[in-house]
Amino acid sequence: MTPASALRCAAVQLQAVLGDVAANLEACEDAVVRAAREGARVVVLPEFFTSGVAFRPEVATAAQPLDGYAVRALQQWARRHDILLSGSLLLRDDDGHVRNAQLLVDRTGIVGRHDKDLPTMWEHALYVGGRDDGLQQVRVADEAMHVGTALCWELTRRRTVDRLAGRVDLVLAGSGWWSVPRWRPHRAFDAWEQINGRRARDAPAVFARFVGAPVVHAAHVGRLVCALPGMPGRYRGRYEGGTGVWDAAGQAVAVLPPVDSGPGTARPLVVDVPSGRREPESRPASYWVTPPGPVPRVAWHWQRAVGRAHYRRHVRGAYGESGSPA
């Protein structure tokens, strides 16, 4: 790799304060400043960087308008440091719906937006899906690039691969991937968590191979406890982590261990990313590129149904068509 063939990028590992937008913005700004000082031209924040993701009221109420202070903060950081900045947050649009919107922001303002196409499991309780292809054309260091955007389980489904394969120079991705809880029987759930953890670690690498472009992936870390819609008891688990960079062949350039540093902390991983596309590998015909284990597969269907019902009653039902409280 020569300097001319690489792009300096940063992926941010975040331990969010659930639902506390101000605290999370402060942590992310610190990481952005540190990344810019190390020469990063592209900085990627995780999915749900303003709120974390959990089935808790403070997360749902953390949804922001597009002209709100969280988006203004992104614009200020990008302008101040002359970087391309990516990250997703819960956005309440003018039609009253909330979406998980991954924004691309540079010194000129918002230059791209991708709405996650399918909420994962109970995330249906927080937002509705989008329909764009996740393909953005941007300029980085005055060079034109085709950038792909994807969030968490979008990296695991062929639908996303089909949208982006062979069409992008770089993928900017983020996640808030949960562990499988340690319910009884412990031996079975521990085995399913091994599958889940391996899938979380492998997803960006596999996606890079099938798309034929490097992946810069930012992730949440830390433990969390919350209820789950339609289920008794409480979820107790952690974010799997996975902040890192993979080249177009799916080889890890650098990966951060999922260190628990305490809520309200963030750490940037700054590396030179090999630029350019390669011929994508032939992708499988199945729906899943990296198939889920039995617990996530069941939750994918069951929690989708109960999550949608919760959204209609408690999120969408609380707002009118203008997006203002009804």
# chains A, B, ... in the order shown; residues from 1 in each chain; ligands from 1
$ select_by_dssp --residues "range 134-319 of chain A" --states "helix (DSSP H, G or I)" --output "PyMOL selection string"
chain A and resi 152-156+158-164+186-211+294-318
$ residues_around --residues "range 86-93 of chain A" --least-positions-apart "3" --cutoff "8 Å" --atoms "only C-alpha atoms" --output "list in words"
Val42, Val43, Val44, Leu45, Pro46, Glu47, Phe48, Phe49, Thr50, Ser51, Ala62, Ala63, Gln64, Pro65, Leu66, Gly96, His97, Val98, Arg99, Asn100, Ala101, Gln102, Leu103, Leu104, Val105, Tyr127, Leu172, Gly174 and Gly323 of chain A
$ write_last_selection --atoms "N, CA and C atoms" --output "PDB file, in the first residue's frame"
ATOM      1  N   VAL A  42     -12.371  10.508   6.708  1.00  0.00           N
ATOM      2  CA  VAL A  42     -13.707   9.923   6.837  1.00  0.00           C
ATOM      3  C   VAL A  42     -13.841   9.409   8.263  1.00  0.00           C
ATOM      4  N   VAL A  43     -14.930   9.760   8.942  1.00  0.00           N
ATOM      5  CA  VAL A  43     -15.177   9.296  10.306  1.00  0.00           C
ATOM      6  C   VAL A  43     -16.570   8.669  10.352  1.00  0.00           C
ATOM      7  N   VAL A  44     -16.646   7.439  10.866  1.00  0.00           N
ATOM      8  CA  VAL A  44     -17.897   6.695  10.912  1.00  0.00           C
ATOM      9  C   VAL A  44     -18.307   6.496  12.369  1.00  0.00           C
ATOM     10  N   LEU A  45     -19.522   6.946  12.693  1.00  0.00           N
ATOM     11  CA  LEU A  45     -20.120   6.731  14.005  1.00  0.00           C
ATOM     12  C   LEU A  45     -21.072   5.545  13.927  1.00  0.00           C
ATOM     13  N   PRO A  46     -21.395   4.918  15.066  1.00  0.00           N
ATOM     14  CA  PRO A  46     -22.244   3.733  15.019  1.00  0.00           C
ATOM     15  C   PRO A  46     -23.690   4.046  14.650  1.00  0.00           C
ATOM     16  N   GLU A  47     -24.425   2.998  14.401  1.00  0.00           N
ATOM     17  CA  GLU A  47     -25.879   3.057  14.331  1.00  0.00           C
ATOM     18  C   GLU A  47     -26.400   3.570  15.684  1.00  0.00           C
ATOM     19  N   PHE A  48     -27.440   4.405  15.660  1.00  0.00           N
ATOM     20  CA  PHE A  48     -28.035   4.941  16.896  1.00  0.00           C
ATOM     21  C   PHE A  48     -26.998   5.661  17.771  1.00  0.00           C
ATOM     22  N   PHE A  49     -26.136   6.463  17.148  1.00  0.00           N
ATOM     23  CA  PHE A  49     -25.058   7.072  17.931  1.00  0.00           C
ATOM     24  C   PHE A  49     -25.570   8.105  18.928  1.00  0.00           C
ATOM     25  N   THR A  50     -26.755   8.647  18.726  1.00  0.00           N
ATOM     26  CA  THR A  50     -27.268   9.647  19.673  1.00  0.00           C
ATOM     27  C   THR A  50     -27.958   9.038  20.877  1.00  0.00           C
ATOM     28  N   SER A  51     -28.332   7.764  20.818  1.00  0.00           N
ATOM     29  CA  SER A  51     -29.215   7.217  21.849  1.00  0.00           C
ATOM     30  C   SER A  51     -28.851   5.830  22.341  1.00  0.00           C
ATOM     31  N   ALA A  62     -35.795   9.911  22.244  1.00  0.00           N
ATOM     32  CA  ALA A  62     -34.577  10.587  21.785  1.00  0.00           C
ATOM     33  C   ALA A  62     -34.604  10.891  20.297  1.00  0.00           C
ATOM     34  N   ALA A  63     -35.640  10.454  19.580  1.00  0.00           N
ATOM     35  CA  ALA A  63     -35.744  10.732  18.143  1.00  0.00           C
ATOM     36  C   ALA A  63     -35.646  12.236  17.881  1.00  0.00           C
ATOM     37  N   GLN A  64     -34.907  12.597  16.845  1.00  0.00           N
ATOM     38  CA  GLN A  64     -34.606  13.985  16.529  1.00  0.00           C
ATOM     39  C   GLN A  64     -35.254  14.414  15.221  1.00  0.00           C
ATOM     40  N   PRO A  65     -35.591  15.697  15.071  1.00  0.00           N
ATOM     41  CA  PRO A  65     -35.970  16.206  13.746  1.00  0.00           C
ATOM     42  C   PRO A  65     -34.716  16.421  12.901  1.00  0.00           C
ATOM     43  N   LEU A  66     -34.908  16.497  11.591  1.00  0.00           N
ATOM     44  CA  LEU A  66     -33.765  16.677  10.701  1.00  0.00           C
ATOM     45  C   LEU A  66     -33.079  18.014  10.941  1.00  0.00           C
ATOM     46  N   GLY A  96     -44.363  12.348  10.190  1.00  0.00           N
ATOM     47  CA  GLY A  96     -44.670  11.830  11.511  1.00  0.00           C
ATOM     48  C   GLY A  96     -44.008  10.523  11.834  1.00  0.00           C
ATOM     49  N   HIS A  97     -43.440   9.843  10.843  1.00  0.00           N
ATOM     50  CA  HIS A  97     -42.790   8.562  11.094  1.00  0.00           C
ATOM     51  C   HIS A  97     -41.351   8.773  11.565  1.00  0.00           C
ATOM     52  N   VAL A  98     -40.879   7.815  12.355  1.00  0.00           N
ATOM     53  CA  VAL A  98     -39.481   7.775  12.779  1.00  0.00           C
ATOM     54  C   VAL A  98     -38.745   6.772  11.896  1.00  0.00           C
ATOM     55  N   ARG A  99     -37.540   7.121  11.484  1.00  0.00           N
ATOM     56  CA  ARG A  99     -36.711   6.233  10.673  1.00  0.00           C
ATOM     57  C   ARG A  99     -35.305   6.186  11.249  1.00  0.00           C
ATOM     58  N   ASN A 100     -34.632   5.077  11.020  1.00  0.00           N
ATOM     59  CA  ASN A 100     -33.241   4.903  11.416  1.00  0.00           C
ATOM     60  C   ASN A 100     -32.400   5.399  10.251  1.00  0.00           C
ATOM     61  N   ALA A 101     -32.000   6.662  10.301  1.00  0.00           N
ATOM     62  CA  ALA A 101     -31.405   7.349   9.158  1.00  0.00           C
ATOM     63  C   ALA A 101     -29.895   7.478   9.326  1.00  0.00           C
ATOM     64  N   GLN A 102     -29.173   6.924   8.368  1.00  0.00           N
ATOM     65  CA  GLN A 102     -27.720   7.070   8.322  1.00  0.00           C
ATOM     66  C   GLN A 102     -27.411   8.254   7.415  1.00  0.00           C
ATOM     67  N   LEU A 103     -26.853   9.303   8.011  1.00  0.00           N
ATOM     68  CA  LEU A 103     -26.543  10.519   7.267  1.00  0.00           C
ATOM     69  C   LEU A 103     -25.082  10.548   6.867  1.00  0.00           C
ATOM     70  N   LEU A 104     -24.825  11.130   5.707  1.00  0.00           N
ATOM     71  CA  LEU A 104     -23.472  11.474   5.283  1.00  0.00           C
ATOM     72  C   LEU A 104     -23.389  12.998   5.242  1.00  0.00           C
ATOM     73  N   VAL A 105     -22.418  13.547   5.952  1.00  0.00           N
ATOM     74  CA  VAL A 105     -22.300  14.989   6.098  1.00  0.00           C
ATOM     75  C   VAL A 105     -20.865  15.394   5.797  1.00  0.00           C
ATOM     76  N   TYR A 127     -39.097   2.392  14.918  1.00  0.00           N
ATOM     77  CA  TYR A 127     -39.055   3.106  13.635  1.00  0.00           C
ATOM     78  C   TYR A 127     -39.582   2.225  12.508  1.00  0.00           C
ATOM     79  N   LEU A 172     -19.553   2.368   4.314  1.00  0.00           N
ATOM     80  CA  LEU A 172     -19.567   2.943   5.653  1.00  0.00           C
ATOM     81  C   LEU A 172     -20.735   2.305   6.402  1.00  0.00           C
ATOM     82  N   GLY A 174     -22.495   0.750  10.349  1.00  0.00           N
ATOM     83  CA  GLY A 174     -22.550   0.861  11.805  1.00  0.00           C
ATOM     84  C   GLY A 174     -23.520  -0.142  12.366  1.00  0.00           C
ATOM     85  N   GLY A 323     -45.784  15.449  12.143  1.00  0.00           N
ATOM     86  CA  GLY A 323     -44.669  15.082  13.002  1.00  0.00           C
ATOM     87  C   GLY A 323     -44.709  15.769  14.344  1.00  0.00           C
TER      88      GLY A 323
END
$ select_by_dssp --residues "range 172-207 of chain A" --states "strand (DSSP E)" --output "list in words"
Leu172, Ala173, Gly174 and Ser175 of chain A
$ residues_around --residues "Ala249 in chain A" --least-positions-apart "3" --cutoff "9 Å" --atoms "only C-alpha atoms" --output "count of residues only"
13
$ closest_atom_pairs --of "range 68-163 of chain A" --to "range 219-229 of chain A" --cutoff "12 Å" --atoms "only C-alpha atoms" --output "tab-separated table"
residue	atom	partner	partner_atom	distance
A:Gly87	CA	A:Ala219	CA	10.4
A:Ser88	CA	A:Ala219	CA	11.2
A:Met121	CA	A:Pro229	CA	10.0
A:Trp122	CA	A:Pro229	CA	6.8
A:Glu123	CA	A:Pro229	CA	9.7
A:His124	CA	A:Pro229	CA	10.1
A:Ala125	CA	A:Pro229	CA	8.1
A:Leu126	CA	A:Pro229	CA	11.1
A:Leu151	CA	A:Ala219	CA	10.0
A:Cys152	CA	A:Ala219	CA	8.8
$ write_last_selection --atoms "C-alpha atoms" --output "mmCIF file, in the first residue's frame"
data_model
loop_
_atom_site.group_PDB
_atom_site.id
_atom_site.type_symbol
_atom_site.label_atom_id
_atom_site.label_comp_id
_atom_site.auth_asym_id
_atom_site.auth_seq_id
_atom_site.Cartn_x
_atom_site.Cartn_y
_atom_site.Cartn_z
ATOM 1 C CA GLY A 87 -23.664 7.906 11.512
ATOM 2 C CA SER A 88 -27.276 6.887 12.058
ATOM 3 C CA MET A 121 -36.511 -7.821 15.565
ATOM 4 C CA TRP A 122 -38.119 -5.574 18.209
ATOM 5 C CA GLU A 123 -36.594 -2.444 16.613
ATOM 6 C CA HIS A 124 -39.932 -2.292 14.762
ATOM 7 C CA ALA A 125 -41.167 -0.703 18.016
ATOM 8 C CA LEU A 126 -38.913 2.320 17.372
ATOM 9 C CA LEU A 151 -26.589 -0.716 9.106
ATOM 10 C CA CYS A 152 -26.151 -3.770 11.330
#
$ residues_around --residues "range 132-138 of chain A" --least-positions-apart "5" --cutoff "12 Å" --atoms "only C-alpha atoms" --output "PDB file with C-alpha atoms, in the first residue's frame"
ATOM      1  CA  VAL A  42     -13.707   9.923   6.837  1.00  0.00           C
ATOM      2  CA  ILE A  83     -14.221  15.519   6.918  1.00  0.00           C
ATOM      3  CA  LEU A  84     -16.897  13.184   5.604  1.00  0.00           C
ATOM      4  CA  LEU A  85     -18.916  12.086   8.620  1.00  0.00           C
ATOM      5  CA  SER A  86     -21.351   9.154   8.785  1.00  0.00           C
ATOM      6  CA  ALA A 101     -31.405   7.349   9.158  1.00  0.00           C
ATOM      7  CA  GLN A 102     -27.720   7.070   8.322  1.00  0.00           C
ATOM      8  CA  LEU A 103     -26.543  10.519   7.267  1.00  0.00           C
ATOM      9  CA  LEU A 104     -23.472  11.474   5.283  1.00  0.00           C
ATOM     10  CA  VAL A 105     -22.300  14.989   6.098  1.00  0.00           C
ATOM     11  CA  ASP A 106     -19.365  16.993   4.779  1.00  0.00           C
ATOM     12  CA  ARG A 107     -18.262  20.621   5.006  1.00  0.00           C
ATOM     13  CA  THR A 108     -21.174  21.648   2.748  1.00  0.00           C
ATOM     14  CA  GLY A 109     -23.891  19.937   4.800  1.00  0.00           C
ATOM     15  CA  ILE A 110     -25.890  16.721   4.340  1.00  0.00           C
ATOM     16  CA  VAL A 111     -24.742  14.979   1.137  1.00  0.00           C
ATOM     17  CA  GLY A 112     -26.462  11.621   1.558  1.00  0.00           C
ATOM     18  CA  ARG A 113     -29.022   9.687   3.571  1.00  0.00           C
ATOM     19  CA  HIS A 114     -29.811   5.992   3.899  1.00  0.00           C
ATOM     20  CA  ASP A 115     -32.809   4.723   5.878  1.00  0.00           C
ATOM     21  CA  LYS A 116     -32.320   1.185   7.198  1.00  0.00           C
ATOM     22  CA  ASP A 117     -34.653  -0.958   5.121  1.00  0.00           C
ATOM     23  CA  LEU A 118     -35.905  -3.407   7.779  1.00  0.00           C
ATOM     24  CA  GLU A 143     -12.005  13.127  -5.108  1.00  0.00           C
ATOM     25  CA  ALA A 144     -15.325  11.698  -6.272  1.00  0.00           C
ATOM     26  CA  MET A 145     -16.289   8.367  -4.684  1.00  0.00           C
ATOM     27  CA  HIS A 146     -19.220   5.970  -4.737  1.00  0.00           C
ATOM     28  CA  VAL A 147     -19.970   5.061  -1.129  1.00  0.00           C
ATOM     29  CA  GLY A 148     -22.267   2.310   0.100  1.00  0.00           C
ATOM     30  CA  THR A 149     -24.139   2.663   3.391  1.00  0.00           C
ATOM     31  CA  ALA A 150     -25.494  -0.175   5.521  1.00  0.00           C
ATOM     32  CA  LEU A 151     -26.589  -0.716   9.106  1.00  0.00           C
ATOM     33  CA  GLU A 154     -28.328  -5.143   6.570  1.00  0.00           C
ATOM     34  CA  LEU A 155     -24.781  -6.512   6.365  1.00  0.00           C
ATOM     35  CA  ARG A 159     -30.843  -7.763  -0.386  1.00  0.00           C
ATOM     36  CA  THR A 160     -28.130  -5.314   0.702  1.00  0.00           C
ATOM     37  CA  VAL A 161     -25.409  -7.125  -1.215  1.00  0.00           C
ATOM     38  CA  ASP A 162     -27.522  -7.009  -4.375  1.00  0.00           C
ATOM     39  CA  ARG A 163     -27.891  -3.238  -3.993  1.00  0.00           C
ATOM     40  CA  LEU A 164     -24.197  -2.490  -3.654  1.00  0.00           C
ATOM     41  CA  ALA A 165     -22.092  -5.295  -5.171  1.00  0.00           C
ATOM     42  CA  GLY A 166     -19.605  -3.958  -7.709  1.00  0.00           C
ATOM     43  CA  ARG A 167     -21.000  -0.431  -7.457  1.00  0.00           C
ATOM     44  CA  VAL A 168     -19.068   1.161  -4.569  1.00  0.00           C
ATOM     45  CA  ASP A 169     -15.510   2.110  -3.664  1.00  0.00           C
ATOM     46  CA  LEU A 170     -16.094   2.039   0.093  1.00  0.00           C
ATOM     47  CA  VAL A 171     -18.806   0.896   2.528  1.00  0.00           C
ATOM     48  CA  LEU A 172     -19.567   2.943   5.653  1.00  0.00           C
ATOM     49  CA  ALA A 173     -21.442   0.834   8.196  1.00  0.00           C
TER      50      ALA A 173
END
$ closest_residue --among "A:Arg182, A:His217, A:Arg283, A:Arg187" --to "Ala200 in chain A" --atoms "only C-alpha atoms"
A:His217
$ closest_residue --among "A:Arg267, A:Arg198, A:Arg8, A:His301" --to "Ala31 in chain A" --atoms "only C-alpha atoms"
A:Arg267
$ residues_around --residues "range 193-195 of chain A" --least-positions-apart "6" --cutoff "10 Å" --atoms "only C-alpha atoms" --output "JSON, numbers by chain"
{"A": [178, 179, 180, 181, 182, 187, 291, 292, 293, 294, 295, 296]}
$ write_last_selection --atoms "N, CA and C atoms" --output "compact mmCIF listing (two decimals), in the first residue's frame"
# COMPACT_ATOMS: atom_id res chain seq x y z
N TRP A 178 -26.78 -6.92 19.49
CA TRP A 178 -26.97 -7.49 20.83
C TRP A 178 -26.45 -8.92 20.93
N SER A 179 -26.06 -9.28 22.14
CA SER A 179 -25.74 -10.68 22.44
C SER A 179 -27.02 -11.47 22.70
N VAL A 180 -26.93 -12.81 22.62
CA VAL A 180 -28.02 -13.69 23.03
C VAL A 180 -28.01 -13.75 24.56
N PRO A 181 -29.16 -13.52 25.21
CA PRO A 181 -29.17 -13.54 26.68
C PRO A 181 -28.87 -14.93 27.23
N ARG A 182 -28.39 -14.99 28.47
CA ARG A 182 -28.04 -16.27 29.08
C ARG A 182 -29.24 -16.81 29.86
N ARG A 187 -26.61 -24.08 28.85
CA ARG A 187 -25.71 -24.68 27.87
C ARG A 187 -26.19 -24.37 26.45
N PRO A 291 -26.19 -16.51 8.00
CA PRO A 291 -27.47 -16.92 8.60
C PRO A 291 -27.48 -16.77 10.11
N PRO A 292 -28.61 -16.34 10.68
CA PRO A 292 -28.73 -16.24 12.14
C PRO A 292 -28.93 -17.61 12.76
N GLY A 293 -28.62 -17.70 14.05
CA GLY A 293 -28.88 -18.92 14.79
C GLY A 293 -30.35 -19.04 15.14
N PRO A 294 -30.73 -20.08 15.88
CA PRO A 294 -32.15 -20.33 16.14
C PRO A 294 -32.85 -19.26 16.95
N VAL A 295 -32.21 -18.71 17.98
CA VAL A 295 -32.86 -17.68 18.80
C VAL A 295 -33.10 -16.40 18.00
N PRO A 296 -32.08 -15.85 17.31
CA PRO A 296 -32.35 -14.66 16.49
C PRO A 296 -33.36 -14.92 15.37
$ atom_distance --atom1 "CA of Val216 in chain A" --atom2 "CA of Arg277 in chain A"
14.0 Å
$ residues_around --residues "His81 in chain A" --least-positions-apart "3" --cutoff "10 Å" --atoms "only C-alpha atoms" --output "list in words"
Val32, Val33, Ala35, Ala36, Arg37, Gly39, Ala40, Arg41, Gln76, Trp77, Ala78, Leu84, Leu85, Asp106 and Arg107 of chain A
$ write_last_selection --atoms "N, CA and C atoms" --output "compact mmCIF listing (two decimals), in the first residue's frame"
# COMPACT_ATOMS: atom_id res chain seq x y z
N VAL A 32 -14.47 12.33 17.35
CA VAL A 32 -14.27 12.97 16.05
C VAL A 32 -13.05 13.88 16.08
N VAL A 33 -12.89 14.66 17.14
CA VAL A 33 -11.74 15.55 17.26
C VAL A 33 -10.45 14.75 17.26
N ALA A 35 -9.95 11.75 16.02
CA ALA A 35 -9.74 11.15 14.70
C ALA A 35 -9.21 12.17 13.71
N ALA A 36 -9.77 13.38 13.74
CA ALA A 36 -9.32 14.42 12.82
C ALA A 36 -7.87 14.80 13.09
N ARG A 37 -7.49 14.83 14.35
CA ARG A 37 -6.10 15.14 14.69
C ARG A 37 -5.14 14.10 14.15
N GLY A 39 -5.54 12.66 11.36
CA GLY A 39 -5.54 12.76 9.91
C GLY A 39 -6.67 12.06 9.19
N ALA A 40 -7.69 11.62 9.91
CA ALA A 40 -8.81 10.94 9.26
C ALA A 40 -9.57 11.90 8.35
N ARG A 41 -9.89 11.45 7.16
CA ARG A 41 -10.72 12.22 6.23
C ARG A 41 -12.16 11.73 6.22
N GLN A 76 -21.63 20.78 12.04
CA GLN A 76 -20.57 21.63 12.59
C GLN A 76 -19.24 20.87 12.64
N TRP A 77 -19.27 19.61 13.08
CA TRP A 77 -18.04 18.83 13.17
C TRP A 77 -17.43 18.62 11.78
N ALA A 78 -18.28 18.27 10.81
CA ALA A 78 -17.78 18.01 9.46
C ALA A 78 -17.16 19.27 8.86
N LEU A 84 -15.63 13.84 5.90
CA LEU A 84 -16.90 13.18 5.60
C LEU A 84 -17.28 12.40 6.84
N LEU A 85 -18.48 12.65 7.36
CA LEU A 85 -18.92 12.09 8.62
C LEU A 85 -20.17 11.26 8.37
N ASP A 106 -20.70 16.44 4.99
CA ASP A 106 -19.37 16.99 4.78
C ASP A 106 -19.40 18.48 5.07
N ARG A 107 -18.37 19.20 4.66
CA ARG A 107 -18.26 20.62 5.01
C ARG A 107 -19.39 21.45 4.40
